[in-house]
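Printed here is run_11.cif (mmCIF, C-alpha atoms and all ligand atoms):
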data_query
loop_
_atom_site.group_PDB
_atom_site.id
_atom_site.type_symbol
_atom_site.label_atom_id
_atom_site.label_comp_id
_atom_site.auth_asym_id
_atom_site.auth_seq_id
_atom_site.Cartn_x
_atom_site.Cartn_y
_atom_site.Cartn_z
ATOM 1 C CA MET L 28 0.000 0.000 0.000
ATOM 2 C CA THR L 29 1.395 3.467 -0.902
ATOM 3 C CA THR L 30 1.692 5.818 2.022
ATOM 4 C CA LYS L 31 0.367 9.342 1.583
ATOM 5 C CA THR L 32 1.656 12.274 3.616
ATOM 6 C CA VAL L 33 -0.668 14.929 4.997
ATOM 7 C CA VAL L 34 0.587 18.101 6.692
ATOM 8 C CA ILE L 35 -1.827 19.697 9.154
ATOM 9 C CA VAL L 36 -1.055 23.234 10.334
ATOM 10 C CA GLY L 37 -2.685 24.187 13.648
ATOM 11 C CA ALA L 38 -2.797 20.632 14.985
ATOM 12 C CA SER L 39 -2.599 21.103 18.757
ATOM 13 C CA ARG L 40 -6.285 21.579 19.531
ATOM 14 C CA GLY L 41 -9.775 21.926 18.083
ATOM 15 C CA ILE L 42 -10.399 20.914 14.489
ATOM 16 C CA GLY L 43 -6.685 20.431 13.710
ATOM 17 C CA LYS L 44 -6.269 17.942 16.566
ATOM 18 C CA ALA L 45 -9.361 16.046 15.401
ATOM 19 C CA LEU L 46 -7.917 15.996 11.870
ATOM 20 C CA VAL L 47 -4.673 14.450 13.110
ATOM 21 C CA GLU L 48 -6.658 11.770 14.959
ATOM 22 C CA ASN L 49 -8.843 11.139 11.912
ATOM 23 C CA PHE L 50 -5.927 10.689 9.482
ATOM 24 C CA ALA L 51 -3.982 8.612 12.015
ATOM 25 C CA LYS L 52 -6.818 6.041 11.973
ATOM 26 C CA ARG L 53 -6.352 5.618 8.215
ATOM 27 C CA GLU L 54 -3.643 3.036 7.676
ATOM 28 C CA GLU L 55 -2.201 4.539 4.525
ATOM 29 C CA PHE L 56 -1.307 7.964 5.985
ATOM 30 C CA GLU L 57 1.725 9.579 7.531
ATOM 31 C CA VAL L 58 0.585 12.675 9.436
ATOM 32 C CA ILE L 59 2.762 15.740 10.002
ATOM 33 C CA ALA L 60 1.322 17.823 12.841
ATOM 34 C CA LEU L 61 2.427 21.459 13.151
ATOM 35 C CA SER L 62 1.704 24.090 15.794
ATOM 36 C CA ARG L 63 3.520 26.229 18.373
ATOM 37 C CA ASN L 64 2.738 23.820 21.189
ATOM 38 C CA LEU L 65 5.078 20.878 20.513
ATOM 39 C CA GLU L 66 4.816 19.513 24.057
ATOM 40 C CA LYS L 67 1.021 19.232 23.900
ATOM 41 C CA MET L 68 1.092 17.578 20.469
ATOM 42 C CA GLN L 69 3.718 15.084 21.639
ATOM 43 C CA ALA L 70 1.630 14.291 24.722
ATOM 44 C CA ASP L 71 -1.586 13.881 22.685
ATOM 45 C CA PHE L 72 -0.178 12.121 19.624
ATOM 46 C CA GLY L 73 2.873 10.344 21.079
ATOM 47 C CA VAL L 74 1.101 6.970 21.001
ATOM 48 C CA LEU L 75 0.186 7.350 17.320
ATOM 49 C CA SER L 76 3.074 5.865 15.357
ATOM 50 C CA SER L 77 2.086 7.478 12.049
ATOM 51 C CA VAL L 78 2.176 11.031 13.476
ATOM 52 C CA LYS L 79 5.272 13.257 13.529
ATOM 53 C CA CYS L 80 5.069 16.583 15.370
ATOM 54 C CA PHE L 81 7.026 19.768 14.671
ATOM 55 C CA GLU L 82 7.033 23.164 16.343
ATOM 56 C CA PHE L 83 5.856 25.781 13.839
ATOM 57 C CA ASP L 84 4.877 29.411 14.418
ATOM 58 C CA LEU L 85 3.018 31.305 11.704
ATOM 59 C CA GLU L 86 4.201 34.568 13.254
ATOM 60 C CA LYS L 87 7.957 33.868 12.998
ATOM 61 C CA ASP L 88 10.062 33.654 9.830
ATOM 62 C CA VAL L 89 7.478 31.288 8.336
ATOM 63 C CA LYS L 90 9.176 30.413 5.053
ATOM 64 C CA ASN L 91 12.443 29.460 6.701
ATOM 65 C CA GLN L 92 10.805 27.324 9.394
ATOM 66 C CA ALA L 93 8.536 25.657 6.837
ATOM 67 C CA GLU L 94 11.392 24.908 4.406
ATOM 68 C CA LYS L 95 13.376 23.196 7.179
ATOM 69 C CA ILE L 96 10.397 21.014 8.165
ATOM 70 C CA PHE L 97 9.365 20.138 4.601
ATOM 71 C CA THR L 98 12.939 19.278 3.604
ATOM 72 C CA SER L 99 13.072 16.758 6.456
ATOM 73 C CA ILE L 100 9.835 14.903 5.657
ATOM 74 C CA GLY L 101 9.938 13.902 1.970
ATOM 75 C CA LYS L 102 7.123 14.278 -0.569
ATOM 76 C CA VAL L 103 3.823 15.739 0.609
ATOM 77 C CA ASP L 104 0.439 14.798 -0.881
ATOM 78 C CA TYR L 105 -1.892 16.997 1.170
ATOM 79 C CA LEU L 106 -1.569 20.256 3.104
ATOM 80 C CA ILE L 107 -4.363 21.551 5.335
ATOM 81 C CA ASN L 108 -3.928 25.188 6.355
ATOM 82 C CA ASN L 109 -6.110 24.987 9.448
ATOM 83 C CA ALA L 110 -4.435 27.309 11.983
ATOM 84 C CA GLY L 111 -6.427 30.410 12.775
ATOM 85 C CA PHE L 112 -6.597 33.442 15.044
ATOM 86 C CA LEU L 113 -9.855 35.156 15.984
ATOM 87 C CA VAL L 114 -10.243 38.519 17.689
ATOM 88 C CA ASN L 115 -13.817 39.483 18.606
ATOM 89 C CA LYS L 116 -13.870 43.225 19.379
ATOM 90 C CA PRO L 117 -15.786 46.312 18.279
ATOM 91 C CA PHE L 118 -14.224 47.811 15.139
ATOM 92 C CA GLU L 119 -12.838 50.936 16.838
ATOM 93 C CA GLU L 120 -11.158 48.912 19.599
ATOM 94 C CA ILE L 121 -9.201 46.545 17.359
ATOM 95 C CA THR L 122 -5.519 47.456 17.690
ATOM 96 C CA GLY L 123 -3.018 47.541 14.861
ATOM 97 C CA GLN L 124 -1.275 44.600 16.508
ATOM 98 C CA GLU L 125 -4.471 42.505 16.547
ATOM 99 C CA LEU L 126 -5.173 43.378 12.919
ATOM 100 C CA GLN L 127 -1.604 42.494 11.955
ATOM 101 C CA LYS L 128 -1.763 39.209 13.914
ATOM 102 C CA SER L 129 -5.070 38.232 12.263
ATOM 103 C CA TYR L 130 -3.642 38.701 8.783
ATOM 104 C CA GLN L 131 -0.275 37.162 9.702
ATOM 105 C CA ILE L 132 -1.798 33.885 10.927
ATOM 106 C CA ASN L 133 -4.873 33.689 8.681
ATOM 107 C CA LEU L 134 -3.311 34.854 5.409
ATOM 108 C CA PHE L 135 0.382 35.842 5.251
ATOM 109 C CA GLY L 136 1.546 32.714 7.085
ATOM 110 C CA VAL L 137 -0.551 30.507 4.779
ATOM 111 C CA PHE L 138 0.894 32.294 1.739
ATOM 112 C CA GLU L 139 4.473 31.598 2.857
ATOM 113 C CA THR L 140 3.748 28.033 3.972
ATOM 114 C CA VAL L 141 2.409 27.302 0.486
ATOM 115 C CA GLN L 142 5.446 28.947 -1.150
ATOM 116 C CA ALA L 143 7.707 26.730 0.976
ATOM 117 C CA ILE L 144 5.850 23.480 0.319
ATOM 118 C CA ILE L 145 5.606 23.675 -3.490
ATOM 119 C CA PRO L 146 9.004 22.020 -4.225
ATOM 120 C CA HIS L 147 8.081 19.217 -1.798
ATOM 121 C CA LEU L 148 4.661 18.341 -3.208
ATOM 122 C CA ASN L 149 4.050 15.023 -4.931
ATOM 123 C CA PRO L 150 4.644 15.849 -8.639
ATOM 124 C CA SER L 151 1.812 13.528 -9.766
ATOM 125 C CA SER L 152 -0.969 15.071 -7.679
ATOM 126 C CA SER L 153 -1.392 17.150 -4.547
ATOM 127 C CA HIS L 154 -4.173 19.027 -2.791
ATOM 128 C CA ILE L 155 -3.928 22.086 -0.550
ATOM 129 C CA VAL L 156 -7.024 22.832 1.543
ATOM 130 C CA ASN L 157 -7.419 26.222 3.203
ATOM 131 C CA ILE L 158 -9.712 26.446 6.209
ATOM 132 C CA SER L 159 -11.653 29.694 6.052
ATOM 133 C CA SER L 160 -14.854 30.770 7.734
ATOM 134 C CA MET L 161 -18.459 31.453 6.772
ATOM 135 C CA GLY L 162 -17.691 35.008 7.943
ATOM 136 C CA GLY L 163 -15.325 35.306 4.975
ATOM 137 C CA PHE L 164 -17.794 33.809 2.479
ATOM 138 C CA GLN L 165 -19.379 36.376 0.190
ATOM 139 C CA GLY L 166 -23.056 37.020 0.975
ATOM 140 C CA SER L 167 -23.079 35.094 4.266
ATOM 141 C CA MET L 168 -24.487 36.388 7.551
ATOM 142 C CA LYS L 169 -21.920 38.677 9.213
ATOM 143 C CA PHE L 170 -21.195 39.165 12.936
ATOM 144 C CA ALA L 171 -20.272 42.425 14.682
ATOM 145 C CA GLY L 172 -16.806 42.268 16.211
ATOM 146 C CA LEU L 173 -15.250 40.095 13.512
ATOM 147 C CA SER L 174 -13.979 42.739 11.077
ATOM 148 C CA ALA L 175 -10.302 41.734 11.441
ATOM 149 C CA TYR L 176 -10.961 37.994 11.507
ATOM 150 C CA SER L 177 -13.543 37.755 8.733
ATOM 151 C CA THR L 178 -11.749 40.083 6.311
ATOM 152 C CA SER L 179 -8.573 38.024 6.714
ATOM 153 C CA LYS L 180 -10.582 34.842 6.055
ATOM 154 C CA ALA L 181 -12.189 36.471 2.986
ATOM 155 C CA ALA L 182 -8.668 37.226 1.751
ATOM 156 C CA LEU L 183 -7.821 33.541 2.226
ATOM 157 C CA CYS L 184 -10.789 32.662 -0.028
ATOM 158 C CA SER L 185 -9.541 35.100 -2.644
ATOM 159 C CA PHE L 186 -6.012 33.696 -2.393
ATOM 160 C CA THR L 187 -7.450 30.242 -3.152
ATOM 161 C CA GLU L 188 -8.973 31.454 -6.424
ATOM 162 C CA LEU L 189 -5.842 33.346 -7.447
ATOM 163 C CA PHE L 190 -3.488 30.462 -6.659
ATOM 164 C CA ALA L 191 -5.716 28.006 -8.518
ATOM 165 C CA GLU L 192 -5.679 30.240 -11.603
ATOM 166 C CA GLU L 193 -1.894 30.490 -11.559
ATOM 167 C CA TYR L 194 -1.471 26.721 -11.072
ATOM 168 C CA LYS L 195 -4.375 25.546 -13.238
ATOM 169 C CA ASN L 196 -2.134 23.597 -15.590
ATOM 170 C CA SER L 197 -0.174 21.947 -12.805
ATOM 171 C CA SER L 198 -0.721 18.915 -10.603
ATOM 172 C CA ILE L 199 -1.267 21.155 -7.563
ATOM 173 C CA ALA L 200 -4.902 21.752 -6.614
ATOM 174 C CA MET L 201 -6.097 24.208 -3.998
ATOM 175 C CA ASN L 202 -9.597 24.536 -2.545
ATOM 176 C CA CYS L 203 -11.061 26.355 0.424
ATOM 177 C CA LEU L 204 -13.653 25.322 3.007
ATOM 178 C CA CYS L 205 -15.631 28.030 4.810
ATOM 179 C CA LEU L 206 -16.691 26.565 8.121
ATOM 180 C CA GLY L 207 -19.726 27.536 10.147
ATOM 181 C CA SER L 208 -19.536 27.287 13.931
ATOM 182 C CA VAL L 209 -17.806 24.258 15.452
ATOM 183 C CA GLN L 210 -17.572 23.606 19.210
ATOM 184 C CA THR L 211 -13.885 24.358 19.907
ATOM 185 C CA GLU L 212 -11.846 26.409 22.359
ATOM 186 C CA MET L 213 -11.603 29.197 19.760
ATOM 187 C CA LEU L 214 -15.392 29.438 19.556
ATOM 188 C CA GLU L 215 -15.831 29.230 23.346
ATOM 189 C CA GLU L 216 -13.200 31.956 23.919
ATOM 190 C CA ALA L 217 -14.796 34.272 21.324
ATOM 191 C CA PHE L 218 -18.469 33.554 22.055
ATOM 192 C CA PRO L 219 -18.699 32.119 25.605
ATOM 193 C CA GLY L 220 -21.726 29.882 26.114
ATOM 194 C CA TYR L 221 -22.617 29.603 22.404
ATOM 195 C CA GLN L 222 -23.472 26.026 21.420
ATOM 196 C CA ALA L 223 -22.359 25.017 17.920
ATOM 197 C CA PRO L 224 -24.237 22.304 16.032
ATOM 198 C CA LEU L 225 -21.058 20.388 15.141
ATOM 199 C CA ASN L 226 -18.034 19.128 17.049
ATOM 200 C CA PRO L 227 -14.426 18.864 15.769
ATOM 201 C CA ALA L 228 -14.620 15.097 15.161
ATOM 202 C CA GLN L 229 -17.696 15.480 12.928
ATOM 203 C CA VAL L 230 -16.151 18.307 10.930
ATOM 204 C CA SER L 231 -12.802 16.528 10.632
ATOM 205 C CA ASN L 232 -14.585 13.571 8.991
ATOM 206 C CA TYR L 233 -15.806 15.868 6.236
ATOM 207 C CA ILE L 234 -12.522 17.799 5.892
ATOM 208 C CA SER L 235 -10.400 14.649 5.667
ATOM 209 C CA ASP L 236 -12.638 13.086 2.981
ATOM 210 C CA PHE L 237 -12.675 16.416 1.118
ATOM 211 C CA THR L 238 -8.878 16.666 1.299
ATOM 212 C CA ILE L 239 -8.387 13.168 -0.078
ATOM 213 C CA ASN L 240 -11.000 13.374 -2.844
ATOM 214 C CA ALA L 241 -12.239 16.833 -3.815
ATOM 215 C CA HIS L 242 -9.286 17.818 -6.035
ATOM 216 C CA LYS L 243 -10.341 15.072 -8.462
ATOM 217 C CA TYR L 244 -13.470 17.155 -9.140
ATOM 218 C CA MET L 245 -12.671 20.823 -8.387
ATOM 219 C CA LYS L 246 -9.903 23.423 -8.189
ATOM 220 C CA GLY L 247 -9.982 26.948 -6.758
ATOM 221 C CA LYS L 248 -13.417 26.459 -5.212
ATOM 222 C CA ILE L 249 -14.720 28.105 -2.043
ATOM 223 C CA ILE L 250 -17.156 25.758 -0.368
ATOM 224 C CA PRO L 251 -19.438 26.728 2.541
ATOM 225 C CA LEU L 252 -19.724 24.046 5.223
ATOM 226 C CA SER L 253 -22.474 25.263 7.459
ATOM 227 C CA LEU L 254 -25.787 24.165 8.930
ATOM 228 C CA THR L 255 -26.923 27.772 9.324
ATOM 229 C CA ASN L 256 -28.752 29.741 6.680
ATOM 230 C CA PRO L 257 -27.579 31.875 4.869
HETATM 231 N N1 LIG L 301 -14.499 26.763 15.567
HETATM 232 C C1 LIG L 301 -15.247 27.425 14.735
HETATM 233 O O1 LIG L 301 -16.434 27.677 15.013
HETATM 234 C C2 LIG L 301 -14.713 27.867 13.401
HETATM 235 C C3 LIG L 301 -15.593 28.458 12.491
HETATM 236 C C4 LIG L 301 -15.124 28.879 11.270
HETATM 237 C C5 LIG L 301 -13.794 28.692 10.934
HETATM 238 N N2 LIG L 301 -12.952 28.128 11.836
HETATM 239 C C6 LIG L 301 -11.546 27.971 11.443
HETATM 240 O O2 LIG L 301 -11.155 26.634 11.633
HETATM 241 C C7 LIG L 301 -9.757 26.576 11.975
HETATM 242 C C8 LIG L 301 -9.596 25.781 13.264
HETATM 243 O O3 LIG L 301 -10.349 26.434 14.282
HETATM 244 P P1 LIG L 301 -10.487 25.895 15.763
HETATM 245 O O4 LIG L 301 -11.794 26.361 16.263
HETATM 246 O O5 LIG L 301 -10.099 24.478 15.845
HETATM 247 O O6 LIG L 301 -9.363 26.815 16.468
HETATM 248 P P2 LIG L 301 -8.483 26.617 17.783
HETATM 249 O O7 LIG L 301 -9.141 25.664 18.717
HETATM 250 O O8 LIG L 301 -8.160 27.979 18.296
HETATM 251 O O9 LIG L 301 -7.167 25.955 17.195
HETATM 252 C C9 LIG L 301 -6.361 26.747 16.376
HETATM 253 C C10 LIG L 301 -5.088 26.015 16.041
HETATM 254 O O10 LIG L 301 -4.255 26.960 15.353
HETATM 255 C C11 LIG L 301 -2.957 26.944 15.932
HETATM 256 N N3 LIG L 301 -2.318 28.255 15.857
HETATM 257 C C12 LIG L 301 -2.777 29.435 16.338
HETATM 258 N N4 LIG L 301 -1.857 30.383 16.163
HETATM 259 C C13 LIG L 301 -0.802 29.788 15.540
HETATM 260 C C14 LIG L 301 0.464 30.245 15.098
HETATM 261 N N5 LIG L 301 0.875 31.509 15.306
HETATM 262 N N6 LIG L 301 1.292 29.377 14.492
HETATM 263 C C15 LIG L 301 0.926 28.077 14.320
HETATM 264 N N7 LIG L 301 -0.249 27.582 14.716
HETATM 265 C C16 LIG L 301 -1.095 28.433 15.337
HETATM 266 C C17 LIG L 301 -3.173 26.543 17.391
HETATM 267 O O11 LIG L 301 -2.041 25.879 17.896
HETATM 268 P P3 LIG L 301 -0.942 26.529 18.873
HETATM 269 O O12 LIG L 301 -1.630 27.488 19.770
HETATM 270 O O13 LIG L 301 -0.374 25.320 19.550
HETATM 271 O O14 LIG L 301 0.060 27.164 17.966
HETATM 272 C C18 LIG L 301 -4.334 25.539 17.259
HETATM 273 O O15 LIG L 301 -3.821 24.249 17.047
HETATM 274 C C19 LIG L 301 -9.304 28.030 12.107
HETATM 275 O O16 LIG L 301 -8.685 28.456 10.922
HETATM 276 C C20 LIG L 301 -10.600 28.785 12.315
HETATM 277 O O17 LIG L 301 -10.506 30.132 11.898
HETATM 278 C C21 LIG L 301 -13.374 27.707 13.057
#
If you took the structure in this file and wrote it as structure tokens, what would it be?
Amino acid sequence: MTTKTVVIVGASRGIGKALVENFAKREEFEVIALSRNLEKMQADFGVLSSVKCFEFDLEKDVKNQAEKIFTSIGKVDYLINNAGFLVNKPFEEITGQELQKSYQINLFGVFETVQAIIPHLNPSSSHIVNISSMGGFQGSMKFAGLSAYSTSKAALCSFTELFAEEYKNSSIAMNCLCLGSVQTEMLEEAFPGYQAPLNPAQVSNYISDFTINAHKYMKGKIIPLSLTNP
């Protein structure tokens, strides 16, 4: 059986952690788990022999860090850009630092991670999946307080379309999933007490199947994944 390699950025908690656990159950996968919190990932995933963990910070010299990691792991089939940062504050109270951090983690860091991984992608076929938000999906319901977060996620959607256009004749596919609310620490910290209709394990089932299969049918697509309407 051929082993496939999936890189998951933002793997220490929430949806990223559930994605690592989901792929680790599939025999044919090697899972590369990236986040700032190496100790937590090693504690959580240490028993999973197909998982390798690396410290990775989307706020620090991203391209250099990413190149070092990708050079050490061999060919990559799938990359899931799942890490995210959410600030929920009235527009006039959002600081320059919070705005910068939102774009650094939700867009600029993704941009540089993708630049670094291109030489390491499987030349026959690869799929990059960006995890955006319904808040960044055109025409969706918007929430007060999320101007930094949702604009950075909208930019991630736009990046997906632009990358796909530039790489349309290549073996590299990129798509984007815009998630609705999922019960994670990020959601609880931003909207205390709110109950989401889905948990990370449920969503990771969909995202992992999408990552493995969707590029056979679509490129550069921005897909809403939400039980709410609109
Ligand atoms: N939960 C929701 O309702 C919801 C809805 C729509 C979209 N989303 C999106 O789904 C993705 C996952 O969300 P979640 O709810 O699972 O979030 P979460 O619980 O806050 O987890 C975020 C992950 O991102 C990593 N991360 C944060 N800053 C990082 C940095 N500077 N460098 C590297 N990794 C970093 C964190 O790891 P470390 O802290 O260890 O670095 C963590 O593993 C995010 O992109 C989020 O925007 C979530």
Quick check on the file I pasted: which residues fall under the PyMOL selection byres (((not hetatm)) within 8 of (chain L and resi 301))? Write them as a ChimeraX atom specification. /L:36-44,61-65,67-68,83-87,108-113,132-133,158-162,176,180,205-214,223,227
Once the PyMOL selection byres (((chain L and resi 53-55) around 9) and not hetatm) has been evaluated on this model, what residues remain selected, and can you format them as a PyMOL selection string? chain L and resi 28-32+49-52+56-57+77
Would you write out, as a list in words, every residue that the PyMOL selection byres (((chain L and resi 166-172) around 9) and not hetatm) captures in this file?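 Checked against the file, the PyMOL selection byres (((chain L and resi 166-172) around 9) and not hetatm) matches Val114, Asn115, Lys116, Pro117, Phe118, Ile121, Met161, Gly162, Gly163, Phe164, Gln165, Leu173, Ser174, Ala175, Tyr176, Ser177, Asn256 and Pro257 of chain L.
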Quote the spacing between CA of Ile100 (chain L) and CA of Asn240 (chain L) in Å to one decimal place. 22.6 Å
Could you check how far CA of Phe190 (chain L) sits from CA of Asn91 (chain L), in Å to one decimal?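 Result for CA of Phe190 (chain L) versus CA of Asn91 (chain L): 20.8 Å, one decimal.
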Separation of CA of Gln222 (chain L) and CA of Leu134 (chain L), in Å? 27.2 Å
Minimum-distance residue to Ile35 (chain L), chosen among L:Ser231, L:Gln131, L:Asn196, L:Gln142 (using all atoms listed in the file):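 With all atoms listed in the file as the atom set, the closest residue is L:Ser231.
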Residue nearest Ser153 (chain L) - candidates L:Tyr105, L:Tyr244, L:Phe218, L:Tyr130, atoms counted: only C-alpha atoms: L:Tyr105
Can you tell me, as AutoDock Vina command-line options, the centre and edge lengths (Å, one decimal) of the axis-aligned box enclosing all of region 37-45 of chain L's listed atoms after padding each side by 4 Å?
--center_x -6.5 --center_y 20.1 --center_z 16.6 --size_x 15.8 --size_y 16.1 --size_z 13.9
Long-range neighbours of Lys248 (chain L) as a list in words, 8 Å cut-off, all atoms listed in the file, 2 positions minimum in chain: Thr187, Glu188, Met201, Asn202, Cys203, Met245, Lys246 and Ile250 of chain L
Within 9 Å of (-2.9, 17.3, 5.5), only C-alpha atoms: residues as a compact mmCIF listing (two decimals) with C-alpha atoms, in the coordinates of the input?
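Ended up saving to out-v5.txt:
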# COMPACT_ATOMS: atom_id res chain seq x y z
CA THR L 32 1.66 12.27 3.62
CA VAL L 33 -0.67 14.93 5.00
CA VAL L 34 0.59 18.10 6.69
CA ILE L 35 -1.83 19.70 9.15
CA VAL L 36 -1.06 23.23 10.33
CA LEU L 46 -7.92 16.00 11.87
CA VAL L 47 -4.67 14.45 13.11
CA PHE L 50 -5.93 10.69 9.48
CA VAL L 58 0.58 12.68 9.44
CA ILE L 59 2.76 15.74 10.00
CA ALA L 60 1.32 17.82 12.84
CA VAL L 103 3.82 15.74 0.61
CA ASP L 104 0.44 14.80 -0.88
CA TYR L 105 -1.89 17.00 1.17
CA LEU L 106 -1.57 20.26 3.10
CA ILE L 107 -4.36 21.55 5.34
CA ASN L 108 -3.93 25.19 6.36
CA HIS L 154 -4.17 19.03 -2.79
CA ILE L 155 -3.93 22.09 -0.55
CA VAL L 156 -7.02 22.83 1.54
CA SER L 235 -10.40 14.65 5.67
CA THR L 238 -8.88 16.67 1.30
CA ILE L 239 -8.39 13.17 -0.08
Ranking L:Ser198, L:Ser129, L:Asn226, L:Thr140 by minimum distance to Ala181 (chain L) and counting all atoms listed in the file, which one comes first?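 Closest to Ala181 (chain L) of all the choices is L:Ser129.
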Go through L:Ser99, L:Asp88, L:Leu204, L:Glu82 one by one, measure the shortest atom-to-atom distance of each to Ala241 (chain L) using only C-alpha atoms, and give the residue with the smallest value.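 Residue with the minimum atom-to-atom distance to Ala241 (chain L): L:Leu204.
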